[in-house]
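Visitor: Here it is, the structure, as structure tokens.
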Amino acid sequence: MSWVDYVGFLAALTVLATFCMDTILPLRGFAIASNILFIVYGIAGQLYPVLFLHAVLLPINIGKIVQLVRRNRLDRCCLLRASSEARNVDRISFAGRLSSRNGSRAFELATREPGPAAQPGQRWR
């Protein structure tokens, strides 16, 4: 067997590995690796249909992985922004429910200075 055959088998194993993937990011990474290996295999073995197919698939896989990374960054950014906004809304609505304008003593009780610690056996009033 020549080195070209080894490259072909390695390319085939990377395709097999993509079928075993559960998540899309590693799948695209292995697909790009298999495209590169098949391009080398197609050039070295003068297998032009294989070369053509993987020369077309390589930019598609690169474009898809770039989209995926951008979308994940955007989703993470939006998720962080939404969670911080939700925390602020929760604080505001909680403070609004406790505010003294609502006629509730809860705001004063929640924001007052702590008193002296209760002595053992002393009851809370």
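Chain labels follow the order of the structure tokens: the first chain is A, the next B, and so on; residue numbering restarts at 1 in every chain, and ligands are counted from 1 in their shown order.
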Excluding A:Asn61 and any residue of its chain fewer than 2 positions from it, enumerate the residues within 9 Å of it, using only C-alpha atoms, and give them as a PyMOL selection string.

Guide: chain A and resi 28-29+31-32+35+57-59+63-66

Visitor: Output C-alpha atoms for every residue in that selection, as a short mmCIF file (atom, residue, chain, number, x, y, z; two decimals), in the first residue's frame.

Guide:
data_model
loop_
_atom_site.label_atom_id
_atom_site.label_comp_id
_atom_site.auth_asym_id
_atom_site.auth_seq_id
_atom_site.Cartn_x
_atom_site.Cartn_y
_atom_site.Cartn_z
CA ARG A 28 -18.22 20.08 11.23
CA GLY A 29 -14.59 20.00 12.39
CA ALA A 31 -16.05 17.05 8.11
CA ILE A 32 -13.53 19.79 7.28
CA ASN A 35 -12.65 17.23 3.06
CA LEU A 57 -17.96 20.61 0.26
CA LEU A 58 -14.99 22.27 2.00
CA PRO A 59 -16.19 25.90 1.70
CA GLY A 63 -19.22 28.52 6.10
CA LYS A 64 -21.49 26.39 8.28
CA ILE A 65 -18.99 26.24 11.14
CA VAL A 66 -18.46 30.01 10.97
#

Visitor: So which residues touch stretch 12-15 of chain A within 7 Å, counting only C-alpha atoms, skipping near sequence neighbours fewer than 4 positions away, as a PyMOL selection string?

Guide: chain A and resi 8+19+30-31+34

Visitor: Might you pull out every residue within 7 Å of A:Ala44, with only C-alpha atoms counted and same-chain residues fewer than 3 positions away left off, and present them as a list of chain:residue names?

Guide: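 Result of the neighbour search: A:Val4, A:Val40, A:Tyr41.
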
Visitor: Would you write out those residues with N, CA and C atoms, as a PDB file, in the first residue's frame?

Guide:
ATOM      1  N   VAL A   4      -0.776   7.143  -0.508  1.00  0.00           N
ATOM      2  CA  VAL A   4      -2.062   7.638  -1.008  1.00  0.00           C
ATOM      3  C   VAL A   4      -3.206   6.799  -0.449  1.00  0.00           C
ATOM      4  N   VAL A  40      -6.579  15.889  -0.785  1.00  0.00           N
ATOM      5  CA  VAL A  40      -5.218  15.374  -0.972  1.00  0.00           C
ATOM      6  C   VAL A  40      -5.261  14.019  -1.662  1.00  0.00           C
ATOM      7  N   TYR A  41      -6.167  13.170  -1.229  1.00  0.00           N
ATOM      8  CA  TYR A  41      -6.328  11.839  -1.831  1.00  0.00           C
ATOM      9  C   TYR A  41      -6.728  11.940  -3.303  1.00  0.00           C
TER      10      TYR A  41
END

Visitor: To one decimal place in Å, what is the distance between atom CA of A:Gly45 and atom CA of A:Leu10?

Guide: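 Pair atom CA of A:Gly45 / atom CA of A:Leu10 returns 14.3 Å.
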
Visitor: For a test of reading the model, state the distance in Å between atom CA of A:Thr23 and atom CA of A:Phe52, rounded to one decimal.

Guide: 27.1 Å

Visitor: Between atom CA of A:Met1 and atom CA of A:Leu47, what is the distance, to one decimal in Å?

Guide: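 Computing the Euclidean distance for atom CA of A:Met1 and atom CA of A:Leu47 yields 16.8 Å.
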
Visitor: I'd like to know which of A:Ala33, A:Val56, A:Val69, A:Cys77 is closest to A:Thr18, using only C-alpha atoms.

Guide: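 Using only C-alpha atoms, A:Thr18 sits closest to A:Ala33.
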